[in-house]
>>> print(open('structure25.txt').read())   # compact mmCIF, C-alpha atoms and all ligand atoms
# COMPACT_ATOMS: atom_id res chain seq x y z
CA MET A 1 -46.28 113.57 -17.15
CA SER A 2 -43.87 113.64 -14.29
CA LYS A 3 -43.78 110.86 -11.79
CA ARG A 4 -44.63 113.27 -8.98
CA ILE A 5 -47.79 114.35 -10.72
CA GLY A 6 -48.71 110.71 -11.25
CA LEU A 7 -48.24 109.95 -7.59
CA CYS A 8 -50.34 112.91 -6.55
CA ALA A 9 -53.13 111.65 -8.76
CA VAL A 10 -52.97 108.41 -6.83
CA CYS A 11 -53.09 110.38 -3.60
CA VAL A 12 -56.25 112.13 -4.71
CA ALA A 13 -57.76 108.75 -5.40
CA GLY A 14 -57.20 108.00 -1.73
CA SER A 15 -55.44 104.69 -2.03
CA LEU A 16 -52.25 105.99 -0.48
CA MET A 17 -53.61 108.27 2.21
CA VAL A 18 -51.15 107.26 4.89
CA GLY A 19 -48.15 107.87 2.65
CA CYS A 20 -49.58 111.06 1.27
CA ALA A 21 -50.24 112.42 4.72
CA SER A 22 -46.62 111.77 5.56
CA ILE A 23 -45.29 113.79 2.65
CA ALA A 24 -47.92 116.52 2.65
CA PRO A 25 -45.75 119.09 4.49
CA VAL A 26 -43.17 119.08 1.72
CA SER A 27 -45.62 119.06 -1.19
CA ALA A 28 -45.32 122.80 -1.69
CA GLU A 29 -41.61 122.34 -2.27
CA HIS A 30 -42.47 120.24 -5.28
CA MET A 31 -44.60 122.81 -7.04
CA PRO A 32 -41.73 124.36 -9.05
CA VAL A 33 -40.65 120.86 -10.03
CA GLU A 34 -44.12 119.96 -11.26
CA THR A 35 -44.11 122.93 -13.62
CA LYS A 36 -41.18 121.37 -15.45
CA PRO A 37 -42.29 117.92 -16.57
CA VAL A 38 -39.52 115.37 -16.57
CA GLU A 39 -39.23 112.41 -18.85
CA VAL A 40 -39.23 109.39 -16.58
CA GLU A 41 -39.21 105.82 -17.75
CA ARG A 42 -42.11 103.87 -16.30
CA ASP A 43 -39.70 101.15 -15.19
CA ASN A 44 -38.34 103.61 -12.65
CA LEU A 45 -41.65 104.04 -10.90
CA ALA A 46 -41.38 101.65 -7.97
CA LEU A 47 -43.84 101.07 -5.18
CA THR A 48 -42.86 99.80 -1.75
CA TYR A 49 -44.53 96.92 0.11
CA GLU A 50 -46.92 99.43 1.66
CA GLY A 51 -47.63 101.09 -1.68
CA ARG A 52 -45.59 104.25 -1.35
CA GLY A 53 -43.72 105.55 -4.37
CA ILE A 54 -39.96 105.67 -4.55
CA VAL A 55 -39.64 108.91 -6.48
CA THR A 56 -36.66 109.48 -8.74
CA GLN A 57 -35.93 112.88 -10.25
CA TYR A 58 -33.78 113.35 -13.36
CA ILE A 59 -32.06 116.73 -13.69
CA GLY A 60 -29.94 117.79 -16.65
CA ASP A 61 -28.66 115.65 -19.47
CA ASN A 62 -25.07 116.74 -19.89
CA GLY A 63 -21.92 114.89 -18.96
CA PRO A 64 -21.45 112.09 -16.47
CA THR A 65 -24.20 110.84 -14.18
CA VAL A 66 -24.26 111.54 -10.45
CA LEU A 67 -26.69 109.52 -8.34
CA ILE A 68 -27.94 110.90 -5.00
CA ILE A 69 -30.00 108.70 -2.68
CA GLY A 70 -32.00 110.03 0.26
CA GLY A 71 -33.84 108.25 3.02
CA ILE A 72 -32.16 104.83 2.97
CA HIS A 73 -32.61 104.77 6.76
CA GLY A 74 -36.04 106.04 7.77
CA SER A 75 -34.85 107.00 11.23
CA GLU A 76 -32.47 109.54 9.70
CA PRO A 77 -34.76 112.15 8.16
CA GLU A 78 -32.22 114.99 8.24
CA GLY A 79 -31.36 114.52 4.56
CA LEU A 80 -34.90 114.41 3.15
CA ALA A 81 -35.75 118.12 3.01
CA PRO A 82 -32.22 119.06 1.88
CA ALA A 83 -32.54 116.56 -0.98
CA LEU A 84 -35.73 118.31 -2.12
CA ALA A 85 -34.05 121.69 -1.81
CA LEU A 86 -31.13 120.36 -3.84
CA ILE A 87 -33.48 119.22 -6.62
CA LYS A 88 -35.07 122.66 -6.73
CA GLU A 89 -31.70 124.41 -6.89
CA MET A 90 -30.25 122.10 -9.53
CA ARG A 91 -33.30 122.49 -11.75
CA ALA A 92 -32.67 126.24 -11.83
CA GLU A 93 -29.08 125.99 -13.07
CA GLU A 94 -27.14 124.62 -16.00
CA LEU A 95 -25.66 121.39 -14.75
CA ALA A 96 -22.46 119.92 -16.13
CA VAL A 97 -23.77 116.48 -15.24
CA ARG A 98 -26.94 114.44 -15.29
CA ALA A 99 -28.12 114.31 -11.69
CA VAL A 100 -30.44 111.50 -10.69
CA VAL A 101 -31.97 111.91 -7.24
CA VAL A 102 -33.90 109.25 -5.36
CA GLU A 103 -35.84 111.46 -2.96
CA ASP A 104 -36.53 108.79 -0.36
CA MET A 105 -35.42 105.20 -0.88
CA ASN A 106 -37.28 104.02 2.24
CA PRO A 107 -40.60 105.90 2.43
CA ASP A 108 -42.23 103.15 4.53
CA GLY A 109 -39.46 103.53 7.12
CA SER A 110 -39.53 107.33 6.94
CA VAL A 111 -43.22 107.42 7.90
CA LYS A 112 -42.43 105.48 11.09
CA LEU A 113 -39.00 107.01 11.65
CA SER A 114 -37.74 103.43 11.45
CA ARG A 115 -34.26 102.53 10.26
CA TYR A 116 -35.72 99.50 8.48
CA ASN A 117 -38.20 98.96 5.68
CA SER A 118 -41.67 97.60 6.41
CA ARG A 119 -40.30 94.02 6.54
CA GLY A 120 -37.69 94.92 9.15
CA VAL A 121 -34.74 94.84 6.75
CA ASP A 122 -31.90 97.37 6.81
CA LEU A 123 -31.70 98.60 3.21
CA ASN A 124 -28.02 99.37 3.70
CA ARG A 125 -27.22 95.71 4.42
CA ASN A 126 -29.15 94.12 1.53
CA TRP A 127 -26.80 94.86 -1.40
CA PRO A 128 -24.98 92.12 -3.37
CA ALA A 129 -21.59 93.08 -1.96
CA SER A 130 -18.86 90.49 -1.54
CA ASN A 131 -19.20 90.99 2.24
CA PHE A 132 -23.00 90.43 2.29
CA SER A 133 -24.10 88.53 5.38
CA PRO A 134 -27.60 86.99 5.39
CA GLY A 135 -29.89 87.53 8.36
CA PHE A 136 -33.23 88.88 9.54
CA ARG A 137 -32.07 92.51 9.40
CA HIS A 138 -29.99 92.01 6.25
CA GLY A 139 -32.39 89.88 4.21
CA GLU A 140 -31.84 86.20 3.54
CA GLU A 141 -30.29 87.05 0.18
CA PRO A 142 -29.04 90.22 -1.51
CA LEU A 143 -31.68 92.40 -3.17
CA SER A 144 -34.48 90.52 -1.40
CA GLU A 145 -36.24 93.85 -0.85
CA ILE A 146 -38.19 95.89 -3.41
CA GLU A 147 -36.33 99.05 -2.47
CA THR A 148 -32.82 97.68 -2.93
CA ALA A 149 -33.75 95.75 -6.09
CA HIS A 150 -35.18 98.95 -7.56
CA CYS A 151 -32.12 101.04 -6.79
CA PHE A 152 -29.81 98.25 -7.97
CA ALA A 153 -31.61 98.26 -11.34
CA LEU A 154 -31.42 102.04 -11.41
CA ILE A 155 -27.65 101.94 -10.96
CA GLN A 156 -27.31 99.41 -13.76
CA GLU A 157 -29.42 101.58 -16.04
CA ILE A 158 -27.90 105.01 -15.41
CA GLU A 159 -24.27 103.91 -14.80
CA PRO A 160 -23.33 106.66 -12.32
CA GLU A 161 -19.74 107.84 -12.04
CA LEU A 162 -20.34 109.20 -8.55
CA VAL A 163 -22.88 108.14 -5.91
CA ILE A 164 -23.86 110.17 -2.83
CA VAL A 165 -26.03 108.62 -0.09
CA LEU A 166 -27.64 110.66 2.70
CA HIS A 167 -27.70 109.55 6.34
CA SER A 168 -27.48 111.09 9.81
CA ILE A 169 -25.66 110.06 12.97
CA HIS A 170 -25.16 111.44 16.48
CA SER A 171 -21.43 111.90 15.83
CA GLY A 172 -22.06 113.84 12.60
CA PRO A 173 -21.67 115.74 10.47
CA PHE A 174 -18.99 114.05 8.42
CA VAL A 175 -18.30 112.54 5.02
CA ASN A 176 -17.39 108.87 4.81
CA TYR A 177 -16.47 107.22 1.52
CA ASP A 178 -15.80 103.94 -0.26
CA GLY A 179 -13.92 103.19 -3.44
CA PRO A 180 -11.79 105.77 -5.25
CA ALA A 181 -13.61 108.66 -3.60
CA LEU A 182 -11.10 110.44 -1.36
CA SER A 183 -10.84 113.57 -3.54
CA TYR A 184 -14.65 113.80 -3.75
CA ALA A 185 -15.02 113.35 -0.01
CA GLU A 186 -12.44 116.04 0.68
CA ALA A 187 -14.12 118.43 -1.74
CA PHE A 188 -17.56 117.77 -0.24
CA ALA A 189 -16.44 118.14 3.38
CA THR A 190 -14.49 121.33 2.72
CA ALA A 191 -17.36 122.98 0.85
CA ALA A 192 -19.97 121.82 3.37
CA ASP A 193 -17.93 123.19 6.26
CA ILE A 194 -17.74 126.62 4.62
CA ALA A 195 -21.45 126.68 3.71
CA ASP A 196 -22.73 125.35 7.05
CA ARG A 197 -20.89 127.47 9.59
CA SER A 198 -22.86 126.23 12.59
CA ARG A 199 -21.37 122.74 12.24
CA ASN A 200 -17.91 121.29 12.00
CA TRP A 201 -17.89 119.10 8.89
CA ARG A 202 -15.03 116.65 8.61
CA LEU A 203 -13.80 113.68 6.67
CA GLN A 204 -14.08 110.26 8.31
CA ALA A 205 -12.47 107.43 6.39
CA ASP A 206 -13.88 104.65 8.57
CA MET A 207 -17.36 104.36 10.05
CA GLY A 208 -15.85 102.48 12.97
CA TYR A 209 -18.04 99.41 12.61
CA PRO A 210 -18.57 96.76 9.90
CA THR A 211 -21.15 97.44 7.20
CA PRO A 212 -21.66 94.13 5.37
CA GLY A 213 -23.92 94.31 2.35
CA SER A 214 -23.90 98.11 2.35
CA ILE A 215 -24.28 100.14 -0.83
CA GLY A 216 -20.84 101.57 -0.05
CA SER A 217 -19.33 98.08 0.00
CA TYR A 218 -21.05 97.11 -3.23
CA VAL A 219 -20.70 100.29 -5.29
CA GLY A 220 -17.42 101.53 -3.88
CA GLU A 221 -15.39 98.47 -3.04
CA ASP A 222 -16.79 95.90 -5.47
CA LEU A 223 -17.69 98.03 -8.50
CA GLY A 224 -14.96 100.63 -7.94
CA ILE A 225 -17.34 103.56 -8.35
CA PRO A 226 -16.67 106.44 -5.94
CA ILE A 227 -19.41 106.71 -3.32
CA LEU A 228 -19.86 109.20 -0.49
CA THR A 229 -21.80 108.51 2.69
CA ILE A 230 -23.00 111.88 3.96
CA GLU A 231 -23.70 111.77 7.67
CA PHE A 232 -25.63 114.84 8.78
CA ASP A 233 -25.76 115.47 12.51
CA ARG A 234 -28.86 114.12 14.26
CA GLY A 235 -31.19 117.07 14.61
CA HIS A 236 -29.21 118.99 12.00
CA GLU A 237 -31.24 122.10 11.25
CA GLU A 238 -32.73 122.02 7.77
CA GLY A 239 -31.21 125.26 6.51
CA GLY A 240 -27.67 124.33 7.43
CA ALA A 241 -28.05 120.79 6.16
CA ALA A 242 -29.45 122.01 2.85
CA ALA A 243 -26.66 124.56 2.43
CA ALA A 244 -24.06 121.91 3.21
CA LEU A 245 -25.57 119.44 0.77
CA LEU A 246 -25.83 121.93 -2.05
CA ALA A 247 -22.26 123.15 -1.57
CA GLY A 248 -20.94 119.64 -1.15
CA VAL A 249 -22.67 118.31 -4.25
CA ARG A 250 -21.49 121.27 -6.31
CA ALA A 251 -17.91 120.73 -5.13
CA SER A 252 -18.12 117.01 -5.86
CA ILE A 253 -19.46 117.68 -9.35
CA GLY A 254 -16.61 120.11 -9.89
CA GLU A 255 -14.15 117.42 -8.85
CA LEU A 256 -15.79 114.93 -11.22
CA ILE A 257 -15.68 117.29 -14.18
CA ALA A 258 -12.11 118.38 -13.46
CA GLY A 259 -10.96 114.77 -13.39
CA ARG A 260 -12.29 113.88 -16.83
ZN ZN B 301 -27.89 105.61 8.10
>>> encode(input="structure25.txt", output="structure tokens")
Amino acid sequence: MSKRIGLCAVCVAGSLMVGCASIAPVSAEHMPVETKPVEVERDNLALTYEGRGIVTQYIGDNGPTVLIIGGIHGSEPEGLAPALALIKEMRAEELAVRAVVVEDMNPDGSVKLSRYNSRGVDLNRNWPASNFSPGFRHGEEPLSEIETAHCFALIQEIEPELVIVLHSIHSGPFVNYDGPALSYAEAFATAADIADRSRNWRLQADMGYPTPGSIGSYVGEDLGIPILTIEFDRGHEEGGAAAALLAGVRASIGELIAGR
């Protein structure tokens, strides 16, 4: 039984009504996914502090693993629907990789359109990076939060060769990167710009402010795994964002396969 089906059964039981109400508008998008049961290890079914599921979808089983994470900042919902559209598209094609997609890493924040999780912690400052800095918004220690601990364990388990994390920002859209990811970032930005004509996608090597304890710092700089930070524009229309994401991910996968 797929994880999504399991979660919906919980919804029917009524114990997660707030969370279910929040994701109800996109439930129809999941119907094609539910018709193709996915083998999911129970260890990967995580619940947040408020009891919402962190849903992970596994697509394909060939080649290297690509991890895509949506929703790390709940105030940046522009990537959520495109991530679901991406899952649907990738399930319909023969992938040259195993794609693992965390639909929404911060569902408690997404419900409130809050950057932080329900304990007020920024999930992109809570990673065990060498530049981690403890604090109220960062957590007193790395991986203090359920959401980051879960995704940390996921990374250890699936050993991705490329990680793509979805955000949005007023100065978007652009592709930022950490680690040995320049060629992937260039491929993503070029493809996204062609697919999403209403926006001017570009490469941005530096966010312009420090990001201690970020997943980019940990995965890219400390582990040396290429990682892309996709910054959609704030208010980015869903169709354009989805087209950009699909084209960008395809181009990045092409780059990964070509480099092997
Ligand atoms: Zn963000």
>>> residues_near_ligand(input="structure25.txt", ligand="ligand ZN 301 (chain B)", cutoff="7 Å", atoms="only C-alpha atoms and all ligand atoms", output="list of chain:residue names")
A:Ile72, A:His73, A:Glu76, A:His167, A:Ser168, A:Ile169
>>> atom_distance(input="structure25.txt", atom1="CA of Gly51 in chain A", atom2="CA of Leu86 in chain A")
25.5 Å
>>> residues_around(input="structure25.txt", residues="Ala81 in chain A", least_positions_apart="2", cutoff="9 Å", atoms="only C-alpha atoms", output="number ranges by chain")
A: 26, 29, 77-79, 83-86, 103, 238, 241-242
>>> closest_residue(input="structure25.txt", among="A:Ser133, A:Ser252, A:Thr48, A:Ser171", to="Phe232 in chain A", atoms="all atoms listed in the file")
A:Ser171
>>> residues_around(input="structure25.txt", residues="Pro173 in chain A", least_positions_apart="2", cutoff="12 Å", atoms="all atoms listed in the file", output="PyMOL selection string")
chain A and resi 78-79+166-171+175-176+188-190+192-193+196-204+229-237+240-241+244-245
>>> residues_near_point(input="structure25.txt", point="(-30.4, 112.2, -7.5)", cutoff="9 Å", atoms="only C-alpha atoms", output="list in words")
Thr56, Gln57, Tyr58, Ile59, Val66, Leu67, Ile68, Ile69, Gly70, Ala83, Leu86, Ile87, Arg98, Ala99, Val100, Val101, Val102, Glu103, Val163 and Ile164 of chain A
>>> atom_distance(input="structure25.txt", atom1="CA of Cys151 in chain A", atom2="CA of Ala191 in chain A")
27.5 Å
>>> atom_distance(input="structure25.txt", atom1="CA of Ile227 in chain A", atom2="CA of Glu94 in chain A")
23.3 Å
>>> residues_around(input="structure25.txt", residues="range 112-127 of chain A", least_positions_apart="4", cutoff="6 Å", atoms="all atoms listed in the file", output="PyMOL selection string")
chain A and resi 73-75+108+137-139+142-143+212-215
>>> closest_residue(input="structure25.txt", among="A:Ile146, A:Ala46, A:Ile194, A:Ala129", to="Gly248 in chain A", atoms="only C-alpha atoms")
A:Ile194
>>> closest_residue(input="structure25.txt", among="A:Ile225, A:Ala243, A:Val165, A:Ala149", to="Pro128 in chain A", atoms="all atoms listed in the file")
A:Ala149
>>> closest_residue(input="structure25.txt", among="A:Phe132, A:Met90, A:Gly53, A:Tyr184", to="Pro210 in chain A", atoms="all atoms listed in the file")
A:Phe132
>>> residues_near_point(input="structure25.txt", point="(-22.7, 105.8, -12.4)", cutoff="9 Å", atoms="all atoms listed in the file", output="ChimeraX atom specification")
/A:64-67,155-163,225-226
>>> decode(input="structure25.txt", residues="range 141-168 of chain A", atoms="N, CA and C atoms", output="mmCIF file, in the first residue's frame")
data_model
loop_
_atom_site.group_PDB
_atom_site.id
_atom_site.type_symbol
_atom_site.label_atom_id
_atom_site.label_comp_id
_atom_site.auth_asym_id
_atom_site.auth_seq_id
_atom_site.Cartn_x
_atom_site.Cartn_y
_atom_site.Cartn_z
ATOM 1 N N GLU A 141 20.658 22.472 18.592
ATOM 2 C CA GLU A 141 21.662 21.575 18.022
ATOM 3 C C GLU A 141 21.169 21.094 16.664
ATOM 4 N N PRO A 142 22.098 20.644 15.818
ATOM 5 C CA PRO A 142 21.685 20.172 14.491
ATOM 6 C C PRO A 142 20.713 18.999 14.594
ATOM 7 N N LEU A 143 19.793 18.925 13.667
ATOM 8 C CA LEU A 143 18.823 17.830 13.580
ATOM 9 C C LEU A 143 17.950 17.739 14.831
ATOM 10 N N SER A 144 17.732 18.862 15.490
ATOM 11 C CA SER A 144 16.860 18.879 16.669
ATOM 12 C C SER A 144 15.396 18.712 16.281
ATOM 13 N N GLU A 145 15.092 18.898 14.993
ATOM 14 C CA GLU A 145 13.703 18.874 14.543
ATOM 15 C C GLU A 145 13.374 17.554 13.826
ATOM 16 N N ILE A 146 12.163 17.088 14.014
ATOM 17 C CA ILE A 146 11.715 15.843 13.373
ATOM 18 C C ILE A 146 11.942 15.887 11.868
ATOM 19 N N GLU A 147 11.608 17.033 11.276
ATOM 20 C CA GLU A 147 11.638 17.134 9.815
ATOM 21 C C GLU A 147 13.063 17.014 9.266
ATOM 22 N N THR A 148 14.000 17.699 9.899
ATOM 23 C CA THR A 148 15.380 17.625 9.416
ATOM 24 C C THR A 148 15.988 16.256 9.730
ATOM 25 N N ALA A 149 15.692 15.715 10.913
ATOM 26 C CA ALA A 149 16.220 14.390 11.260
ATOM 27 C C ALA A 149 15.726 13.339 10.274
ATOM 28 N N HIS A 150 14.459 13.474 9.884
ATOM 29 C CA HIS A 150 13.888 12.517 8.921
ATOM 30 C C HIS A 150 14.588 12.617 7.571
ATOM 31 N N CYS A 151 14.759 13.828 7.073
ATOM 32 C CA CYS A 151 15.376 13.981 5.756
ATOM 33 C C CYS A 151 16.871 13.660 5.790
ATOM 34 N N PHE A 152 17.507 13.904 6.916
ATOM 35 C CA PHE A 152 18.909 13.503 7.092
ATOM 36 C C PHE A 152 19.031 11.979 6.971
ATOM 37 N N ALA A 153 18.153 11.260 7.652
ATOM 38 C CA ALA A 153 18.167 9.790 7.588
ATOM 39 C C ALA A 153 17.863 9.314 6.174
ATOM 40 N N LEU A 154 16.961 10.020 5.515
ATOM 41 C CA LEU A 154 16.620 9.662 4.131
ATOM 42 C C LEU A 154 17.845 9.778 3.233
ATOM 43 N N ILE A 155 18.591 10.862 3.384
ATOM 44 C CA ILE A 155 19.791 11.063 2.573
ATOM 45 C C ILE A 155 20.815 9.956 2.833
ATOM 46 N N GLN A 156 20.977 9.596 4.091
ATOM 47 C CA GLN A 156 21.909 8.514 4.415
ATOM 48 C C GLN A 156 21.466 7.197 3.780
ATOM 49 N N GLU A 157 20.178 6.979 3.744
ATOM 50 C CA GLU A 157 19.652 5.715 3.215
ATOM 51 C C GLU A 157 19.747 5.641 1.695
ATOM 52 N N ILE A 158 19.357 6.702 1.011
ATOM 53 C CA ILE A 158 19.243 6.613 -0.454
ATOM 54 C C ILE A 158 20.504 7.062 -1.181
ATOM 55 N N GLU A 159 21.425 7.730 -0.481
ATOM 56 C CA GLU A 159 22.707 8.159 -1.047
ATOM 57 C C GLU A 159 22.540 8.866 -2.402
ATOM 58 N N PRO A 160 21.897 10.010 -2.414
ATOM 59 C CA PRO A 160 21.668 10.717 -3.681
ATOM 60 C C PRO A 160 22.966 11.235 -4.289
ATOM 61 N N GLU A 161 22.986 11.285 -5.613
ATOM 62 C CA GLU A 161 24.141 11.869 -6.321
ATOM 63 C C GLU A 161 23.838 13.293 -6.766
ATOM 64 N N LEU A 162 22.571 13.688 -6.632
ATOM 65 C CA LEU A 162 22.165 15.055 -6.932
ATOM 66 C C LEU A 162 20.952 15.367 -6.056
ATOM 67 N N VAL A 163 20.956 16.560 -5.453
ATOM 68 C CA VAL A 163 19.840 16.988 -4.608
ATOM 69 C C VAL A 163 19.315 18.316 -5.146
ATOM 70 N N ILE A 164 17.981 18.434 -5.197
ATOM 71 C CA ILE A 164 17.337 19.654 -5.694
ATOM 72 C C ILE A 164 16.295 20.080 -4.662
ATOM 73 N N VAL A 165 16.415 21.308 -4.151
ATOM 74 C CA VAL A 165 15.530 21.792 -3.095
ATOM 75 C C VAL A 165 14.751 23.003 -3.620
ATOM 76 N N LEU A 166 13.440 23.020 -3.347
ATOM 77 C CA LEU A 166 12.549 24.025 -3.930
ATOM 78 C C LEU A 166 12.211 25.134 -2.927
ATOM 79 N N HIS A 167 12.419 26.361 -3.368
ATOM 80 C CA HIS A 167 12.132 27.555 -2.572
ATOM 81 C C HIS A 167 11.433 28.578 -3.476
ATOM 82 N N SER A 168 11.137 29.762 -2.901
ATOM 83 C CA SER A 168 10.786 30.921 -3.724
ATOM 84 C C SER A 168 11.302 32.176 -3.034
#
